[in-house]
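To be precise, the following lines are query_25.cif, and they hold mmCIF, C-alpha atoms.
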```cif
data_final
#
loop_
_atom_site.group_PDB
_atom_site.id
_atom_site.type_symbol
_atom_site.label_atom_id
_atom_site.label_comp_id
_atom_site.auth_asym_id
_atom_site.auth_seq_id
_atom_site.Cartn_x
_atom_site.Cartn_y
_atom_site.Cartn_z
ATOM 1 C CA MET W 1 15.013 75.377 -146.753
ATOM 2 C CA THR W 2 17.458 78.025 -145.573
ATOM 3 C CA VAL W 3 20.905 77.206 -144.266
ATOM 4 C CA GLY W 4 22.700 79.133 -141.550
ATOM 5 C CA VAL W 5 26.296 78.761 -140.435
ATOM 6 C CA ASP W 6 27.773 78.641 -136.942
ATOM 7 C CA ASP W 7 31.257 80.212 -136.805
ATOM 8 C CA CYS W 8 32.293 78.710 -140.118
ATOM 9 C CA ARG W 9 35.219 79.967 -142.207
ATOM 10 C CA SER W 10 36.681 78.363 -145.291
ATOM 11 C CA ASP W 11 40.031 77.628 -143.580
ATOM 12 C CA GLU W 12 38.667 75.926 -140.482
ATOM 13 C CA ILE W 13 38.419 72.343 -141.683
ATOM 14 C CA SER W 14 41.731 71.528 -143.316
ATOM 15 C CA GLY W 15 43.892 74.570 -142.763
ATOM 16 C CA ALA W 16 43.646 75.884 -139.236
ATOM 17 C CA LYS W 17 44.394 74.110 -136.001
ATOM 18 C CA ALA W 18 41.498 73.643 -133.608
ATOM 19 C CA ASP W 19 40.820 76.421 -131.139
ATOM 20 C CA PHE W 20 41.157 73.887 -128.312
ATOM 21 C CA GLY W 21 44.703 72.946 -129.298
ATOM 22 C CA ASP W 22 46.055 73.893 -125.875
ATOM 23 C CA ARG W 23 43.620 71.569 -124.113
ATOM 24 C CA ARG W 24 44.819 68.102 -123.192
ATOM 25 C CA ALA W 25 42.846 64.956 -123.875
ATOM 26 C CA GLY W 26 40.878 63.550 -120.953
ATOM 27 C CA ILE W 27 38.660 61.162 -122.929
ATOM 28 C CA VAL W 28 39.527 58.147 -125.085
ATOM 29 C CA HIS W 29 36.621 57.158 -127.330
ATOM 30 C CA PHE W 30 36.300 53.881 -129.241
ATOM 31 C CA GLY W 31 34.193 54.182 -132.398
ATOM 32 C CA VAL W 32 34.461 57.633 -133.994
ATOM 33 C CA GLY W 33 31.716 57.013 -136.527
ATOM 34 C CA ALA W 34 28.952 59.386 -137.531
ATOM 35 C CA PHE W 35 26.870 58.949 -134.384
ATOM 36 C CA HIS W 36 29.698 59.798 -131.999
ATOM 37 C CA ARG W 37 30.570 62.852 -134.068
ATOM 38 C CA ALA W 38 26.931 64.006 -134.055
ATOM 39 C CA HIS W 39 26.445 63.349 -130.360
ATOM 40 C CA GLN W 40 29.104 62.948 -127.641
ATOM 41 C CA ALA W 41 31.768 64.893 -129.533
ATOM 42 C CA VAL W 42 29.327 67.792 -130.016
ATOM 43 C CA TYR W 43 28.419 67.988 -126.322
ATOM 44 C CA THR W 44 32.132 67.904 -125.490
ATOM 45 C CA HIS W 45 32.889 70.646 -128.023
ATOM 46 C CA ASP W 46 30.163 72.787 -126.487
ATOM 47 C CA VAL W 47 31.420 72.306 -122.944
ATOM 48 C CA LEU W 48 35.019 73.074 -123.974
ATOM 49 C CA GLU W 49 33.778 76.232 -125.644
ATOM 50 C CA LYS W 50 31.730 77.228 -122.617
ATOM 51 C CA SER W 51 33.945 76.346 -119.678
ATOM 52 C CA GLY W 52 37.237 74.925 -120.971
ATOM 53 C CA GLY W 53 39.010 72.044 -119.259
ATOM 54 C CA ASP W 54 41.287 69.239 -120.409
ATOM 55 C CA TRP W 55 38.533 67.179 -121.980
ATOM 56 C CA ARG W 56 39.511 66.792 -125.605
ATOM 57 C CA ILE W 57 38.893 63.391 -127.181
ATOM 58 C CA VAL W 58 41.404 60.912 -128.572
ATOM 59 C CA GLY W 59 39.411 58.704 -130.908
ATOM 60 C CA VAL W 60 40.138 55.065 -131.680
ATOM 61 C CA SER W 61 39.005 53.424 -134.906
ATOM 62 C CA LEU W 62 39.165 49.665 -134.364
ATOM 63 C CA ARG W 63 38.919 48.749 -138.050
ATOM 64 C CA SER W 64 39.093 51.706 -140.429
ATOM 65 C CA THR W 65 42.258 53.558 -141.332
ATOM 66 C CA ASP W 66 40.601 55.960 -143.790
ATOM 67 C CA LEU W 67 38.484 57.691 -141.145
ATOM 68 C CA ALA W 68 41.486 58.150 -138.868
ATOM 69 C CA ASP W 69 43.586 59.545 -141.716
ATOM 70 C CA ASP W 70 40.864 61.924 -142.912
ATOM 71 C CA LEU W 71 40.160 63.327 -139.444
ATOM 72 C CA ASN W 72 43.846 63.685 -138.590
ATOM 73 C CA GLU W 73 44.408 65.519 -141.887
ATOM 74 C CA GLN W 74 41.794 68.021 -140.670
ATOM 75 C CA ASN W 75 43.291 68.280 -137.143
ATOM 76 C CA GLY W 76 40.304 66.337 -135.831
ATOM 77 C CA SER W 77 37.834 68.992 -136.986
ATOM 78 C CA TYR W 78 34.764 68.314 -139.117
ATOM 79 C CA SER W 79 31.483 69.939 -140.093
ATOM 80 C CA LEU W 80 28.079 68.953 -138.727
ATOM 81 C CA MET W 81 24.983 69.727 -140.782
ATOM 82 C CA ILE W 82 22.019 70.019 -138.402
ATOM 83 C CA ARG W 83 18.795 69.512 -140.336
ATOM 84 C CA GLY W 84 15.675 71.291 -139.114
ATOM 85 C CA LYS W 85 12.203 71.167 -140.640
ATOM 86 C CA GLU W 86 12.438 74.725 -141.981
ATOM 87 C CA GLU W 87 16.092 75.640 -141.482
ATOM 88 C CA SER W 88 19.441 73.886 -141.234
ATOM 89 C CA SER W 89 22.748 75.068 -139.808
ATOM 90 C CA LEU W 90 26.399 74.090 -140.122
ATOM 91 C CA LYS W 91 28.577 73.713 -137.045
ATOM 92 C CA ILE W 92 32.332 73.124 -136.945
ATOM 93 C CA VAL W 93 33.170 70.582 -134.228
ATOM 94 C CA LYS W 94 36.688 70.604 -132.766
ATOM 95 C CA SER W 95 36.628 68.439 -129.662
ATOM 96 C CA ILE W 96 38.544 65.538 -131.247
ATOM 97 C CA LYS W 97 42.296 65.901 -130.776
ATOM 98 C CA SER W 98 43.383 62.971 -132.946
ATOM 99 C CA VAL W 99 42.302 59.505 -134.067
ATOM 100 C CA ILE W 100 44.319 56.286 -133.800
ATOM 101 C CA ALA W 101 43.767 53.372 -136.174
ATOM 102 C CA ALA W 102 44.029 50.261 -134.000
ATOM 103 C CA VAL W 103 44.955 47.988 -136.906
ATOM 104 C CA ARG W 104 48.269 49.838 -137.153
ATOM 105 C CA GLY W 105 49.212 48.944 -133.596
ATOM 106 C CA MET W 106 47.912 49.251 -130.062
ATOM 107 C CA ASP W 107 50.892 50.827 -128.279
ATOM 108 C CA GLU W 108 49.708 54.422 -128.632
ATOM 109 C CA ILE W 109 46.213 53.442 -127.514
ATOM 110 C CA TYR W 110 47.553 51.904 -124.311
ATOM 111 C CA GLN W 111 49.711 54.977 -123.729
ATOM 112 C CA TYR W 112 46.523 57.026 -123.617
ATOM 113 C CA LEU W 113 44.593 54.441 -121.583
ATOM 114 C CA SER W 114 47.376 54.495 -118.985
ATOM 115 C CA ALA W 115 47.936 58.273 -119.030
ATOM 116 C CA PRO W 116 47.140 60.120 -115.778
ATOM 117 C CA GLU W 117 45.183 62.710 -117.802
ATOM 118 C CA THR W 118 42.729 60.108 -119.119
ATOM 119 C CA LYS W 119 39.624 60.143 -116.922
ATOM 120 C CA ILE W 120 36.954 58.617 -119.180
ATOM 121 C CA VAL W 121 36.958 55.803 -121.741
ATOM 122 C CA SER W 122 33.787 55.865 -123.832
ATOM 123 C CA MET W 123 32.519 53.867 -126.765
ATOM 124 C CA THR W 124 29.952 53.688 -129.566
ATOM 125 C CA LEU W 125 30.627 50.360 -131.264
ATOM 126 C CA THR W 126 27.131 48.848 -131.785
ATOM 127 C CA GLU W 127 25.646 46.218 -129.502
ATOM 128 C CA LYS W 128 27.331 43.289 -131.274
ATOM 129 C CA ALA W 129 30.855 44.444 -130.453
ATOM 130 C CA TYR W 130 30.789 43.532 -126.763
ATOM 131 C CA GLY W 131 30.122 39.809 -126.700
ATOM 132 C CA ILE W 132 27.870 40.097 -123.634
ATOM 133 C CA ASP W 133 24.356 38.738 -123.297
ATOM 134 C CA GLN W 134 21.443 40.571 -121.661
ATOM 135 C CA ASN W 135 22.333 39.016 -118.307
ATOM 136 C CA GLY W 136 25.864 40.388 -118.452
ATOM 137 C CA ALA W 137 27.490 37.012 -119.154
ATOM 138 C CA LEU W 138 30.343 36.774 -121.638
ATOM 139 C CA ASP W 139 29.519 35.028 -124.903
ATOM 140 C CA LEU W 140 32.409 32.577 -125.112
ATOM 141 C CA THR W 141 31.604 31.924 -128.775
ATOM 142 C CA HIS W 142 31.998 35.613 -129.691
ATOM 143 C CA GLU W 143 35.072 35.901 -131.932
ATOM 144 C CA ALA W 144 36.751 38.763 -130.057
ATOM 145 C CA VAL W 145 35.941 37.384 -126.596
ATOM 146 C CA ALA W 146 37.275 33.930 -127.495
ATOM 147 C CA HIS W 147 40.447 35.432 -128.967
ATOM 148 C CA ASP W 148 41.070 37.711 -126.015
ATOM 149 C CA LEU W 149 40.560 35.039 -123.363
ATOM 150 C CA SER W 150 43.322 33.067 -125.094
ATOM 151 C CA ASN W 151 45.479 36.178 -125.680
ATOM 152 C CA PRO W 152 44.766 38.569 -122.777
ATOM 153 C CA ASP W 153 48.002 40.500 -123.372
ATOM 154 C CA LYS W 154 47.032 41.205 -127.001
ATOM 155 C CA PRO W 155 43.265 41.739 -126.986
ATOM 156 C CA LYS W 156 41.396 42.924 -130.037
ATOM 157 C CA GLY W 157 37.878 43.226 -128.558
ATOM 158 C CA ILE W 158 36.611 46.092 -126.445
ATOM 159 C CA ILE W 159 36.112 44.063 -123.234
ATOM 160 C CA GLY W 160 39.658 42.744 -123.370
ATOM 161 C CA ILE W 161 41.085 46.169 -124.233
ATOM 162 C CA ILE W 162 39.294 47.885 -121.347
ATOM 163 C CA THR W 163 40.442 45.176 -118.948
ATOM 164 C CA LYS W 164 44.053 45.553 -120.048
ATOM 165 C CA GLY W 165 43.845 49.346 -119.839
ATOM 166 C CA LEU W 166 42.592 49.142 -116.261
ATOM 167 C CA GLN W 167 45.277 46.579 -115.439
ATOM 168 C CA LEU W 168 47.967 49.005 -116.635
ATOM 169 C CA ARG W 169 46.544 51.754 -114.430
ATOM 170 C CA LYS W 170 46.485 49.450 -111.414
ATOM 171 C CA GLU W 171 50.127 48.499 -111.991
ATOM 172 C CA LEU W 172 51.094 52.179 -112.310
ATOM 173 C CA GLY W 173 49.228 53.172 -109.163
ATOM 174 C CA LEU W 174 46.826 55.447 -111.072
ATOM 175 C CA ASN W 175 43.144 56.071 -110.508
ATOM 176 C CA ALA W 176 40.768 53.912 -112.504
ATOM 177 C CA PHE W 177 38.971 55.583 -115.385
ATOM 178 C CA THR W 178 35.218 55.739 -115.918
ATOM 179 C CA VAL W 179 33.929 53.360 -118.600
ATOM 180 C CA LEU W 180 31.115 55.158 -120.432
ATOM 181 C CA CYS W 181 29.213 52.912 -122.838
ATOM 182 C CA CYS W 182 26.993 54.915 -125.221
ATOM 183 C CA ASP W 183 25.574 52.040 -127.246
ATOM 184 C CA ASN W 184 21.906 51.060 -127.331
ATOM 185 C CA LEU W 185 22.077 48.322 -124.728
ATOM 186 C CA SER W 186 19.590 48.430 -121.871
ATOM 187 C CA GLN W 187 21.496 49.189 -118.650
ATOM 188 C CA ASN W 188 24.634 49.326 -120.768
ATOM 189 C CA GLY W 189 27.011 50.310 -117.979
ATOM 190 C CA ASP W 190 25.947 47.408 -115.780
ATOM 191 C CA LEU W 191 26.390 44.980 -118.668
ATOM 192 C CA VAL W 192 29.882 46.206 -119.570
ATOM 193 C CA ARG W 193 30.930 46.153 -115.907
ATOM 194 C CA SER W 194 29.762 42.554 -115.593
ATOM 195 C CA GLY W 195 31.615 41.619 -118.777
ATOM 196 C CA VAL W 196 34.882 43.233 -117.678
ATOM 197 C CA LEU W 197 34.790 41.658 -114.200
ATOM 198 C CA SER W 198 33.984 38.269 -115.687
ATOM 199 C CA PHE W 199 36.802 38.613 -118.220
ATOM 200 C CA ALA W 200 39.330 39.474 -115.489
ATOM 201 C CA ASP W 201 38.205 36.466 -113.454
ATOM 202 C CA LYS W 202 38.400 34.088 -116.414
ATOM 203 C CA ILE W 203 42.010 35.066 -117.178
ATOM 204 C CA GLY W 204 42.944 34.440 -113.544
ATOM 205 C CA GLU W 205 43.246 38.111 -112.524
ATOM 206 C CA THR W 206 41.078 37.951 -109.402
ATOM 207 C CA GLU W 207 42.950 40.798 -107.672
ATOM 208 C CA LEU W 208 42.462 42.957 -110.748
ATOM 209 C CA ALA W 209 38.750 42.130 -110.799
ATOM 210 C CA ALA W 210 38.460 43.193 -107.149
ATOM 211 C CA TRP W 211 40.368 46.424 -107.853
ATOM 212 C CA ILE W 212 38.137 47.235 -110.822
ATOM 213 C CA ALA W 213 35.011 46.529 -108.774
ATOM 214 C CA ASP W 214 36.212 48.888 -106.039
ATOM 215 C CA ASN W 215 37.640 51.700 -108.184
ATOM 216 C CA ALA W 216 36.247 51.846 -111.736
ATOM 217 C CA THR W 217 32.749 53.084 -112.494
ATOM 218 C CA PHE W 218 30.431 52.100 -115.347
ATOM 219 C CA PRO W 219 27.536 54.601 -115.559
ATOM 220 C CA ASN W 220 24.412 53.595 -117.439
ATOM 221 C CA THR W 221 23.534 55.944 -120.291
ATOM 222 C CA MET W 222 20.774 56.615 -122.808
ATOM 223 C CA VAL W 223 21.518 58.348 -126.104
ATOM 224 C CA ASP W 224 19.293 59.540 -128.918
ATOM 225 C CA ARG W 225 19.922 61.392 -132.163
ATOM 226 C CA ILE W 226 19.123 60.326 -135.725
ATOM 227 C CA THR W 227 22.352 60.318 -137.727
ATOM 228 C CA PRO W 228 22.396 58.975 -141.303
ATOM 229 C CA ALA W 229 25.579 57.717 -142.907
ATOM 230 C CA THR W 230 27.678 60.362 -144.636
ATOM 231 C CA THR W 231 27.151 60.531 -148.405
ATOM 232 C CA ASP W 232 28.982 62.086 -151.338
ATOM 233 C CA ALA W 233 25.940 64.323 -151.755
ATOM 234 C CA LEU W 234 26.531 65.820 -148.299
ATOM 235 C CA VAL W 235 30.216 66.393 -149.035
ATOM 236 C CA GLY W 236 29.271 68.194 -152.252
ATOM 237 C CA GLU W 237 26.526 70.260 -150.627
ATOM 238 C CA ILE W 238 28.865 71.590 -147.948
ATOM 239 C CA GLU W 239 31.553 72.437 -150.483
ATOM 240 C CA ARG W 240 29.106 74.249 -152.755
ATOM 241 C CA SER W 241 27.290 76.122 -149.998
ATOM 242 C CA PHE W 242 30.197 77.048 -147.741
ATOM 243 C CA GLY W 243 33.395 76.596 -149.711
ATOM 244 C CA LEU W 244 34.470 73.887 -147.244
ATOM 245 C CA ARG W 245 36.179 70.752 -148.469
ATOM 246 C CA ASP W 246 35.431 68.316 -145.658
ATOM 247 C CA ALA W 247 36.143 64.637 -146.271
ATOM 248 C CA VAL W 248 34.145 63.473 -143.239
ATOM 249 C CA PRO W 249 31.133 65.726 -142.568
ATOM 250 C CA VAL W 250 28.127 64.470 -140.631
ATOM 251 C CA GLU W 251 24.437 65.327 -140.883
ATOM 252 C CA THR W 252 21.885 64.907 -138.132
ATOM 253 C CA GLU W 253 18.505 66.001 -136.830
ATOM 254 C CA ALA W 254 18.128 69.008 -134.533
ATOM 255 C CA PHE W 255 16.932 66.871 -131.610
ATOM 256 C CA SER W 256 19.544 65.336 -129.321
ATOM 257 C CA GLN W 257 19.364 63.668 -125.926
ATOM 258 C CA TRP W 258 21.949 62.231 -123.542
ATOM 259 C CA VAL W 259 21.022 60.884 -120.111
ATOM 260 C CA ILE W 260 23.825 59.642 -117.831
ATOM 261 C CA GLU W 261 23.913 58.025 -114.424
ATOM 262 C CA ASP W 262 26.050 60.434 -112.388
ATOM 263 C CA LYS W 263 28.700 57.947 -111.280
ATOM 264 C CA PHE W 264 32.229 58.925 -112.320
ATOM 265 C CA ALA W 265 35.499 57.606 -110.914
ATOM 266 C CA ASP W 266 37.799 60.584 -111.478
ATOM 267 C CA GLY W 267 35.938 63.669 -112.634
ATOM 268 C CA ARG W 268 34.008 64.569 -115.781
ATOM 269 C CA PRO W 269 33.208 67.547 -118.020
ATOM 270 C CA ASN W 270 30.369 69.841 -116.957
ATOM 271 C CA TRP W 271 28.158 68.338 -119.643
ATOM 272 C CA GLU W 272 25.065 69.381 -117.701
ATOM 273 C CA ASP W 273 25.860 72.972 -118.747
ATOM 274 C CA VAL W 274 25.239 72.058 -122.397
ATOM 275 C CA GLY W 275 22.124 69.925 -122.103
ATOM 276 C CA VAL W 276 23.157 66.530 -120.732
ATOM 277 C CA LEU W 277 20.827 65.193 -118.051
ATOM 278 C CA PHE W 278 22.521 63.542 -115.054
ATOM 279 C CA VAL W 279 20.265 61.243 -113.051
ATOM 280 C CA ASP W 280 20.353 58.558 -110.370
ATOM 281 C CA ASP W 281 18.519 56.011 -112.535
ATOM 282 C CA VAL W 282 18.535 55.904 -116.345
ATOM 283 C CA LYS W 283 15.939 53.131 -116.627
ATOM 284 C CA PRO W 284 12.806 55.394 -116.753
ATOM 285 C CA TYR W 285 14.369 57.314 -119.642
ATOM 286 C CA GLU W 286 15.137 54.073 -121.470
ATOM 287 C CA HIS W 287 11.509 53.008 -121.036
ATOM 288 C CA ALA W 288 10.260 56.357 -122.318
ATOM 289 C CA LYS W 289 12.460 56.142 -125.407
ATOM 290 C CA LEU W 290 11.473 52.563 -126.216
ATOM 291 C CA ARG W 291 7.759 52.886 -125.503
ATOM 292 C CA ILE W 292 6.981 56.466 -126.542
ATOM 293 C CA LEU W 293 9.552 57.380 -129.195
ATOM 294 C CA ASN W 294 10.444 54.023 -130.726
ATOM 295 C CA GLY W 295 6.938 52.629 -130.246
ATOM 296 C CA SER W 296 5.212 55.538 -131.953
ATOM 297 C CA HIS W 297 7.834 55.554 -134.711
ATOM 298 C CA SER W 298 7.070 51.898 -135.412
ATOM 299 C CA LEU W 299 3.319 52.585 -135.400
ATOM 300 C CA ILE W 300 3.781 55.390 -137.934
ATOM 301 C CA ALA W 301 5.886 53.077 -140.125
ATOM 302 C CA TYR W 302 3.332 50.254 -140.017
ATOM 303 C CA ALA W 303 0.470 52.593 -140.897
ATOM 304 C CA GLY W 304 2.505 54.124 -143.696
ATOM 305 C CA PHE W 305 3.403 50.742 -145.153
ATOM 306 C CA LEU W 306 -0.260 49.743 -145.256
ATOM 307 C CA CYS W 307 -1.025 53.023 -147.052
ATOM 308 C CA GLY W 308 1.624 52.356 -149.694
ATOM 309 C CA LYS W 309 4.171 54.928 -148.493
ATOM 310 C CA LYS W 310 7.928 54.338 -148.565
ATOM 311 C CA TYR W 311 9.406 56.567 -145.856
ATOM 312 C CA VAL W 312 8.330 57.689 -142.396
ATOM 313 C CA ARG W 313 8.706 61.263 -143.631
ATOM 314 C CA ASP W 314 6.027 60.548 -146.250
ATOM 315 C CA VAL W 315 3.627 59.505 -143.506
ATOM 316 C CA MET W 316 4.445 62.573 -141.417
ATOM 317 C CA ALA W 317 3.694 64.804 -144.408
ATOM 318 C CA ASP W 318 0.241 63.271 -144.832
ATOM 319 C CA ASP W 319 -2.418 65.334 -142.993
ATOM 320 C CA LEU W 320 -4.663 62.323 -142.484
#
```
How would this structure read if it were set down as structure tokens?
Amino acid sequence: MTVGVDDCRSDEISGAKADFGDRRAGIVHFGVGAFHRAHQAVYTHDVLEKSGGDWRIVGVSLRSTDLADDLNEQNGSYSLMIRGKEESSLKIVKSIKSVIAAVRGMDEIYQYLSAPETKIVSMTLTEKAYGIDQNGALDLTHEAVAHDLSNPDKPKGIIGIITKGLQLRKELGLNAFTVLCCDNLSQNGDLVRSGVLSFADKIGETELAAWIADNATFPNTMVDRITPATTDALVGEIERSFGLRDAVPVETEAFSQWVIEDKFADGRPNWEDVGVLFVDDVKPYEHAKLRILNGSHSLIAYAGFLCGKKYVRDVMADDL
């Protein structure tokens, strides 16, 4: 395998400030794990590089402090190893402005959620974080949902936090932001919208619920990119090969897909210029992913298991 490098210098991770330092943040993203940094943050980096705009990302880590500290130490920058079959490349991603650790306090997070510059609030938190069933109903037994219904002024779950953020904007006379769920939930935007409206109703904020329904948007999305967890081996490989000491690199496959329902409340980056597909209905793309990609992947795995193989890659390398 050969490895190429995309605009990589030894001072770019920990020493130099990001090239987009003069760009303001227009996106708040909850869940700055490996997938976000291999996917949405990369598209946003590419669009900033291509056409500019105030679309940098303020990340929120709901649980971890280490990730926030490591990324902030590197001015939000990190390296992305893109693995191809024959060749891999390293890309330095600089779209993240800073990361806030929620366990240290929520005040700064709400400052960004209520800032006029914030246009989009996105999230990659896994399906279990929301406390919403497939019909869009709140799960009243979900720990975060139960806590937040009893403490709506001090929520700790994403539905409660979004609701409070929108409430602050309503009180300040600001436009609502777009809520962009990027987790693997079918019709994810519709589900989150239903959860937020239900939450507002259950805490007695019927006027807020009506305002959200009229002003906020919740586009459905479909995302796809294989992104393993970061390992010490990856950290060492990047340091040996490129002289870069990066505490939080990410590796991913070359393929990437992002399909979004084009329904935004207050503007968006020109993501379509860097490969994002904007559509009226995401559902056909969800079906294609589940039935063609995920279905065939499962079939390959089942066949491989019966043949005594351990990994899907072992099956793919078998001519038969």
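Run against this file, the PyMOL selection byres ((chain W and resi 194) around 9) gives back Ile132, Asn135, Gly136, Ala137, Leu138, Gly189, Asp190, Leu191, Val192, Arg193, Gly195, Val196, Leu197, Ser198 and Phe199 of chain W.
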- For the file shown, what are the residues hit by the PyMOL selection byres ((chain W and resi 40) around 12), laid out as a PyMOL selection string? chain W and resi 27-39+41-47+55-57+59+93-96+122-124+180-183+221-225+256-260+269+271+274-276
May I have the selected residues written with C-alpha atoms, as a PDB file, in the frame of the given file?
```
ATOM      1  CA  ILE W  27      38.660  61.162-122.929  1.00  0.00           C
ATOM      2  CA  VAL W  28      39.527  58.147-125.085  1.00  0.00           C
ATOM      3  CA  HIS W  29      36.621  57.158-127.330  1.00  0.00           C
ATOM      4  CA  PHE W  30      36.300  53.881-129.241  1.00  0.00           C
ATOM      5  CA  GLY W  31      34.193  54.182-132.398  1.00  0.00           C
ATOM      6  CA  VAL W  32      34.461  57.633-133.994  1.00  0.00           C
ATOM      7  CA  GLY W  33      31.716  57.013-136.527  1.00  0.00           C
ATOM      8  CA  ALA W  34      28.952  59.386-137.531  1.00  0.00           C
ATOM      9  CA  PHE W  35      26.870  58.949-134.384  1.00  0.00           C
ATOM     10  CA  HIS W  36      29.698  59.798-131.999  1.00  0.00           C
ATOM     11  CA  ARG W  37      30.570  62.852-134.068  1.00  0.00           C
ATOM     12  CA  ALA W  38      26.931  64.006-134.055  1.00  0.00           C
ATOM     13  CA  HIS W  39      26.445  63.349-130.360  1.00  0.00           C
ATOM     14  CA  ALA W  41      31.768  64.893-129.533  1.00  0.00           C
ATOM     15  CA  VAL W  42      29.327  67.792-130.016  1.00  0.00           C
ATOM     16  CA  TYR W  43      28.419  67.988-126.322  1.00  0.00           C
ATOM     17  CA  THR W  44      32.132  67.904-125.490  1.00  0.00           C
ATOM     18  CA  HIS W  45      32.889  70.646-128.023  1.00  0.00           C
ATOM     19  CA  ASP W  46      30.163  72.787-126.487  1.00  0.00           C
ATOM     20  CA  VAL W  47      31.420  72.306-122.944  1.00  0.00           C
ATOM     21  CA  TRP W  55      38.533  67.179-121.980  1.00  0.00           C
ATOM     22  CA  ARG W  56      39.511  66.792-125.605  1.00  0.00           C
ATOM     23  CA  ILE W  57      38.893  63.391-127.181  1.00  0.00           C
ATOM     24  CA  GLY W  59      39.411  58.704-130.908  1.00  0.00           C
ATOM     25  CA  VAL W  93      33.170  70.582-134.228  1.00  0.00           C
ATOM     26  CA  LYS W  94      36.688  70.604-132.766  1.00  0.00           C
ATOM     27  CA  SER W  95      36.628  68.439-129.662  1.00  0.00           C
ATOM     28  CA  ILE W  96      38.544  65.538-131.247  1.00  0.00           C
ATOM     29  CA  SER W 122      33.787  55.865-123.832  1.00  0.00           C
ATOM     30  CA  MET W 123      32.519  53.867-126.765  1.00  0.00           C
ATOM     31  CA  THR W 124      29.952  53.688-129.566  1.00  0.00           C
ATOM     32  CA  LEU W 180      31.115  55.158-120.432  1.00  0.00           C
ATOM     33  CA  CYS W 181      29.213  52.912-122.838  1.00  0.00           C
ATOM     34  CA  CYS W 182      26.993  54.915-125.221  1.00  0.00           C
ATOM     35  CA  ASP W 183      25.574  52.040-127.246  1.00  0.00           C
ATOM     36  CA  THR W 221      23.534  55.944-120.291  1.00  0.00           C
ATOM     37  CA  MET W 222      20.774  56.615-122.808  1.00  0.00           C
ATOM     38  CA  VAL W 223      21.518  58.348-126.104  1.00  0.00           C
ATOM     39  CA  ASP W 224      19.293  59.540-128.918  1.00  0.00           C
ATOM     40  CA  ARG W 225      19.922  61.392-132.163  1.00  0.00           C
ATOM     41  CA  SER W 256      19.544  65.336-129.321  1.00  0.00           C
ATOM     42  CA  GLN W 257      19.364  63.668-125.926  1.00  0.00           C
ATOM     43  CA  TRP W 258      21.949  62.231-123.542  1.00  0.00           C
ATOM     44  CA  VAL W 259      21.022  60.884-120.111  1.00  0.00           C
ATOM     45  CA  ILE W 260      23.825  59.642-117.831  1.00  0.00           C
ATOM     46  CA  PRO W 269      33.208  67.547-118.020  1.00  0.00           C
ATOM     47  CA  TRP W 271      28.158  68.338-119.643  1.00  0.00           C
ATOM     48  CA  VAL W 274      25.239  72.058-122.397  1.00  0.00           C
ATOM     49  CA  GLY W 275      22.124  69.925-122.103  1.00  0.00           C
ATOM     50  CA  VAL W 276      23.157  66.530-120.732  1.00  0.00           C
TER      51      VAL W 276
END
```
- Note on the structure: CA of Asn151 in chain W sits from CA of Lys202 in chain W at a separation of 11.8 Å
Padding of 5 Å on every side, edges along x, y and z, all listed atoms of range 167-184 of chain W included: what centre and edge lengths in Å, to one decimal, does that box have, as JSON?
```
{"center_x": 36.5, "center_y": 51.3, "center_z": -118.2, "size_x": 39.2, "size_y": 19.5, "size_z": 28.2}
```
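Separating CA of Gly165 in chain W from CA of Arg23 in chain W is a distance of 22.6 Å.
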- Task: Please identify all polymer residues within 12 Å of Asp107 in chain W, counting all atoms listed in the file, omitting same-chain residues fewer than 6 positions from it, and present them as a PyMOL selection string.
- Result: chain W and resi 100-101+113-114+153-155+161+164-165
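For the set W:Ala216, W:Ile159, W:Leu208, W:Ile238, the residue with the smallest atom-to-atom gap to Leu90 in chain W is W:Ile238, counting all atoms listed in the file.
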- Using all atoms listed in the file, the best pick from W:Gly26, W:Glu237, W:Ile82, W:Glu272 as closest to Ser51 in chain W would be W:Glu272
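From CA of Leu80 in chain W back to CA of Gly295 in chain W, the distance works out to 28.0 Å.
Nearest-residue note for Thr65 in chain W: choosing from W:Gly52, W:Gly105, W:Gly84, W:Gly131, the minimum distance belongs to W:Gly105, counting all atoms listed in the file.
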